[in-house]
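*Asks:* Quick one: structure below, then a few questions.
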Amino acid sequence: MLRDIDAVIFDMDGSLVDSMWMWREIDIEYLGKFGIPVPEDLQGQIEGMSFSETAAFFKERFQIPDPIRQIKADWNAMAWDKYSYEVPLKAGVDTFLKRCRERGILLGIATSNSRELVQNVAAVHGLEDYFSCIMTGCDVAKGKPSPDIYLAVAEKLGVGPERCLVFEDILPGIQAGKAAGMKVCAVEDAYSIAQREEKEALADYYIEDFNDIRLL
């Protein structure tokens with residue numbers, strides 16, 4: 001998997017950390033403040049959107065009276081404690097990061113989440129020194145499945161897309177990595193388990209967790 005690879009780029013939620021479950025809880029709690037039930041199709045509609053795109057979507061679809069900056073601030077506050085105390089790393093990812101660093105492989109994060117929260121995750125798990133570049137969907141013109149964020153991370157790392165490997169758990173993220181011309185490994189996650197066959201067909205590799213990866 002790492003042959004001819006100079007950089008590994010991680011999506012965060014569902015790929016680097018086991019956190020997809022909590023966003024459903026936050027949606028329920030947040031919309032509940034306005035007396036709005038969570039629509040069944042909500043997750044499918046916002047998959048891959050940047051933090052700002054998602055806030056704009058919520059404001060328009062649910063007619064939220066607060067400005068977009070306040071919506072994002074509220075979500076950051078609601079998620080902070082969960083990321084700090086309830087969200088673990090994906091199994092085996094700590095060992096994989098160490099082995100990549102030993103081999104001189106550069107590491108980056110390309111997330112649709114907010115910068116505040118991704119920095120919190122890195123600090124909680126002691127990952128700040130591993131990643132040479134962290135970018136969010138708000139740093140580029142279009143969120144996933146557009147390739148913008150992956151191309152931006154590769155450029156920042158100084159590595160050609162063809163020598164980058166992406167880890168992603170959702171279909172729009174896998175599509176973004178492939179559209180960027182990168183190899184993509186799909187990561188199993190309970191949130192997207194129903195899409196396993198589609199993920200396997202679209203990605204170059206599929207793992208249940210990072211313990212599946214054997215490094216020589």
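Labeling convention for the structure tokens: chains A, B, ... as they appear, residues from 1 per chain, ligands from 1 in order of appearance.
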Could you pull out the helix (DSSP H, G or I) residues of chain A from DSSP and send them as number ranges by chain?

*Replies:* A: 20-32, 42-46, 51-62, 68-85, 93-102, 115-124, 137-139, 148-157, 161-163, 171-179, 190-202, 210-212

*Asks:* Using DSSP on the backbone coordinates, identify all residues within range 5-116 of chain A classified as strand (DSSP E); present the result as a PDB file with C-alpha atoms, in the first residue's frame.

*Replies:*
```
ATOM      1  CA  ALA A   7       2.653  11.430   1.806  1.00  0.00           C
ATOM      2  CA  VAL A   8      -0.372  10.055   3.642  1.00  0.00           C
ATOM      3  CA  ILE A   9      -3.405  12.322   4.052  1.00  0.00           C
ATOM      4  CA  PHE A  10      -6.178  11.572   6.525  1.00  0.00           C
ATOM      5  CA  LEU A 106       4.846  13.077   5.346  1.00  0.00           C
ATOM      6  CA  LEU A 107       1.459  13.261   7.070  1.00  0.00           C
ATOM      7  CA  GLY A 108      -1.460  15.638   6.564  1.00  0.00           C
ATOM      8  CA  ILE A 109      -5.100  16.061   7.562  1.00  0.00           C
ATOM      9  CA  ALA A 110      -7.852  17.118   5.153  1.00  0.00           C
ATOM     10  CA  THR A 111     -11.083  17.514   7.109  1.00  0.00           C
TER      11      THR A 111
END
```

*Asks:* From the list A:Pro161, A:Gly44, A:Pro88, A:Gly143, which residue is nearest His125 in chain A when using only C-alpha atoms?

*Replies:*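 When distances to His125 in chain A are compared using only C-alpha atoms, the smallest one comes from A:Pro88.
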
*Asks:* In terms of the shortest atom-to-atom distance over only C-alpha atoms, which of A:Lys72, A:Lys199, A:Lys156, A:Lys144 is closest to Gly177 in chain A?

*Replies:*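 So, comparing all the options, the nearest one is A:Lys144.
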
*Asks:* Using only C-alpha atoms, which of A:Val124, A:Lys98, A:Lys90, A:Glu60 sits nearest Asp189 in chain A?

*Replies:*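 Checking each of A:Val124, A:Lys98, A:Lys90, A:Glu60 against Asp189 in chain A, counting only C-alpha atoms, the winner is A:Lys90.
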
*Asks:* Return the single residue from A:Ile28, A:Ile36, A:Ile149, A:Val121 that is closest to Leu89 in chain A, with distances computed using only C-alpha atoms.

*Replies:* A:Val121

*Asks:* Taking into account only C-alpha atoms, which residue in the set A:Thr54, A:Gln63, A:Thr136, A:Gln43 is nearest to Asp11 in chain A?

*Replies:* A:Thr136

*Asks:* How far is it from CA of Leu171 in chain A to CA of Ile71 in chain A, in Å with one decimal?

*Replies:*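 About the pair CA of Leu171 in chain A and CA of Ile71 in chain A: they are 25.7 Å apart.
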
*Asks:* Smallest atom-to-atom distance to Ala79 in chain A: which of A:Ile213, A:Val118, A:Val187, A:Met182, using only C-alpha atoms?

*Replies:*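 Checking each of A:Ile213, A:Val118, A:Val187, A:Met182 against Ala79 in chain A, counting only C-alpha atoms, the winner is A:Val118.
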
*Asks:* Take CA of Leu16 in chain A and CA of Glu198 in chain A and report the distance between them in Å, one decimal.

*Replies:*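 Rounded to one decimal, the two atoms are 20.3 Å apart.
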
*Asks:* Using only C-alpha atoms, determine which residues lie at most 12 Å from Phe51 in chain A, disregarding the query and same-chain residues fewer than 2 positions distant; provide the list as a ChimeraX atom specification.

*Replies:* /A:46-49,53-58,68-69,71-76,111-118,135-140,142-144

*Asks:* What does the distance between CA of Leu42 in chain A and CA of Tyr206 in chain A come to in Å, to one decimal place?

*Replies:* 25.8 Å

*Asks:* Can you tell me, as a ChimeraX atom specification, what residues are no more than 12 Å from Val184 in chain A when counting only C-alpha atoms, ignoring any on the same chain fewer than 4 positions away?

*Replies:* /A:1-2,5,7-11,15,150,161-180,199-207

*Asks:* With C-alpha atoms retained, write the just-selected residues as a CSV table (one decimal), in the first residue's frame.

*Replies:*
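Once everything was written out, this is result-v5.csv:
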```
chain,number,residue,atom,x,y,z
A,1,MET,CA,0.0,0.0,0.0
A,2,LEU,CA,2.8,2.4,0.8
A,5,ILE,CA,4.0,6.9,-1.5
A,7,ALA,CA,2.7,11.4,1.8
A,8,VAL,CA,-0.4,10.1,3.6
A,9,ILE,CA,-3.4,12.3,4.1
A,10,PHE,CA,-6.2,11.6,6.5
A,11,ASP,CA,-9.8,12.6,6.7
A,15,SER,CA,-11.1,7.8,9.4
A,150,TYR,CA,-6.6,17.0,-1.1
A,161,PRO,CA,-0.9,13.8,-6.1
A,162,GLU,CA,0.2,10.5,-7.6
A,163,ARG,CA,2.5,9.9,-4.6
A,164,CYS,CA,-0.2,10.5,-2.0
A,165,LEU,CA,-2.3,8.0,-0.2
A,166,VAL,CA,-5.7,9.1,1.3
A,167,PHE,CA,-7.6,7.5,4.1
A,168,GLU,CA,-11.4,8.2,3.9
A,169,ASP,CA,-14.5,6.7,5.4
A,170,ILE,CA,-17.4,8.2,3.3
A,171,LEU,CA,-18.1,8.1,-0.4
A,172,PRO,CA,-17.8,11.8,-1.1
A,173,GLY,CA,-14.3,11.7,0.5
A,174,ILE,CA,-13.2,8.7,-1.5
A,175,GLN,CA,-14.4,10.5,-4.6
A,176,ALA,CA,-12.5,13.6,-3.7
A,177,GLY,CA,-9.2,11.6,-3.2
A,178,LYS,CA,-9.7,9.8,-6.5
A,179,ALA,CA,-10.6,13.0,-8.3
A,180,ALA,CA,-7.3,14.4,-7.0
A,199,LYS,CA,-16.6,2.0,-0.9
A,200,GLU,CA,-14.6,-1.1,-1.8
A,201,ALA,CA,-15.5,-0.7,-5.5
A,202,LEU,CA,-14.5,3.0,-5.6
A,203,ALA,CA,-11.3,2.8,-3.4
A,204,ASP,CA,-8.0,1.2,-4.2
A,205,TYR,CA,-7.9,-0.5,-0.7
A,206,TYR,CA,-10.3,-1.2,2.1
A,207,ILE,CA,-9.4,-1.8,5.8
```
